[in-house]
Amino acid sequence: MGQAHGWAESWGRALYALAIGVLPALLLFRTTREEMYNVLWALVFGFATLNILGLGARRFEQEKGGLNFGEVLAILVVLLSIVLLAWELLYMFDILPIRLTPH
């Protein structure tokens with residue numbers, strides 16, 4: 001029984017290494033540049049949002065006045081990300097560019 005447990009444990013480690021190391025590399029080789037930019041945008045927007053949520057949670061814990069530079073910068077990054085996401089969605093839904101037809 002101990003030998004079966006050791007065998008299962010070694011195969012589990014190999015499968016884990018495969019999932020963590022090889023599968024993301026294969027995903028990167030098969031993706032286009034456009035898809036990579038989408039992933040990067042999602043990461044930037046996600047981390048900025050988590051940062052803002054953390055700042056909001058910290059605000060409820062501490063009662064101090066004013067925002068420091070890092071907090072203002074994080075808020076600006078989230079606002080810029082929202083504006084750029086809205087701009088991209090306007091192009092995706094064919095609202096932009098606005099084409100005027102002559103009469």
# chains A, B, ... in the order shown; residues from 1 in each chain; ligands from 1
>>> select_by_dssp(residues="chain A", states="helix (DSSP H, G or I)", output="JSON, numbers by chain")
{"A": [2, 3, 4, 5, 6, 7, 8, 9, 10, 11, 12, 13, 14, 15, 16, 17, 18, 19, 20, 21, 22, 23, 24, 25, 26, 27, 28, 29, 30, 33, 34, 35, 36, 37, 38, 39, 40, 41, 42, 43, 44, 45, 46, 47, 48, 49, 50, 51, 52, 53, 54, 55, 56, 57, 58, 59, 60, 61, 69, 70, 71, 72, 73, 74, 75, 76, 77, 78, 79, 80, 81, 82, 83, 84, 85, 86, 87, 88, 89, 90, 91, 92]}
>>> write_last_selection(atoms="C-alpha atoms", output="compact mmCIF listing (two decimals), in the first residue's frame")
# COMPACT_ATOMS: atom_id res chain seq x y z
CA GLY A 2 2.86 2.36 0.77
CA GLN A 3 4.35 1.79 -2.68
CA ALA A 4 1.04 2.67 -4.38
CA HIS A 5 0.83 5.84 -2.31
CA GLY A 6 4.37 6.84 -3.32
CA TRP A 7 3.62 6.12 -6.99
CA ALA A 8 0.43 8.21 -6.88
CA GLU A 9 2.27 11.02 -5.16
CA SER A 10 5.05 11.13 -7.76
CA TRP A 11 2.54 11.09 -10.64
CA GLY A 12 0.59 13.85 -8.90
CA ARG A 13 3.70 15.99 -8.75
CA ALA A 14 4.43 15.34 -12.43
CA LEU A 15 0.89 16.29 -13.43
CA TYR A 16 1.08 19.39 -11.29
CA ALA A 17 4.37 20.41 -12.92
CA LEU A 18 2.84 19.81 -16.34
CA ALA A 19 -0.20 21.91 -15.53
CA ILE A 20 1.81 24.76 -14.04
CA GLY A 21 4.74 24.82 -16.49
CA VAL A 22 3.80 23.40 -19.86
CA LEU A 23 0.14 24.26 -20.34
CA PRO A 24 0.55 28.05 -19.90
CA ALA A 25 3.53 27.94 -22.29
CA LEU A 26 1.42 26.14 -24.90
CA LEU A 27 -1.31 28.69 -24.42
CA LEU A 28 1.17 31.51 -25.03
CA PHE A 29 2.46 29.93 -28.24
CA ARG A 30 -1.03 29.52 -29.70
CA ARG A 33 -0.84 39.40 -30.26
CA GLU A 34 -4.37 40.76 -29.98
CA GLU A 35 -5.34 38.08 -27.47
CA MET A 36 -2.22 38.81 -25.43
CA TYR A 37 -3.15 42.49 -25.24
CA ASN A 38 -6.60 41.49 -24.01
CA VAL A 39 -5.02 39.36 -21.28
CA LEU A 40 -2.71 42.20 -20.27
CA TRP A 41 -5.62 44.65 -20.14
CA ALA A 42 -7.57 42.23 -17.97
CA LEU A 43 -4.61 41.85 -15.61
CA VAL A 44 -4.03 45.61 -15.32
CA PHE A 45 -7.70 46.31 -14.79
CA GLY A 46 -8.06 43.45 -12.30
CA PHE A 47 -5.03 44.40 -10.20
CA ALA A 48 -6.00 48.06 -10.18
CA THR A 49 -9.52 47.16 -9.09
CA LEU A 50 -8.19 44.93 -6.31
CA ASN A 51 -5.91 47.75 -5.21
CA ILE A 52 -8.83 50.19 -5.06
CA LEU A 53 -10.95 47.70 -3.11
CA GLY A 54 -8.06 47.25 -0.68
CA LEU A 55 -7.77 51.00 -0.28
CA GLY A 56 -11.49 51.25 0.38
CA ALA A 57 -11.33 48.51 2.99
CA ARG A 58 -8.39 50.22 4.66
CA ARG A 59 -10.34 53.49 4.76
CA PHE A 60 -12.96 51.86 6.97
CA GLU A 61 -10.28 50.52 9.32
CA PHE A 69 0.23 59.71 -3.81
CA GLY A 70 -0.08 55.94 -4.29
CA GLU A 71 -3.80 56.00 -3.55
CA VAL A 72 -4.43 58.83 -5.99
CA LEU A 73 -2.37 57.06 -8.63
CA ALA A 74 -4.30 53.81 -8.13
CA ILE A 75 -7.63 55.61 -8.46
CA LEU A 76 -6.45 57.32 -11.65
CA VAL A 77 -5.33 53.99 -13.12
CA VAL A 78 -8.76 52.48 -12.50
CA LEU A 79 -10.52 55.49 -13.99
CA LEU A 80 -8.26 55.41 -17.05
CA SER A 81 -8.88 51.68 -17.43
CA ILE A 82 -12.64 52.23 -17.35
CA VAL A 83 -12.41 54.98 -19.96
CA LEU A 84 -10.24 52.84 -22.25
CA LEU A 85 -12.54 49.85 -21.79
CA ALA A 86 -15.56 52.00 -22.73
CA TRP A 87 -13.70 53.35 -25.76
CA GLU A 88 -12.82 49.82 -26.88
CA LEU A 89 -16.43 48.69 -26.43
CA LEU A 90 -17.63 51.58 -28.59
CA TYR A 91 -15.40 50.32 -31.40
CA MET A 92 -16.44 46.72 -30.80
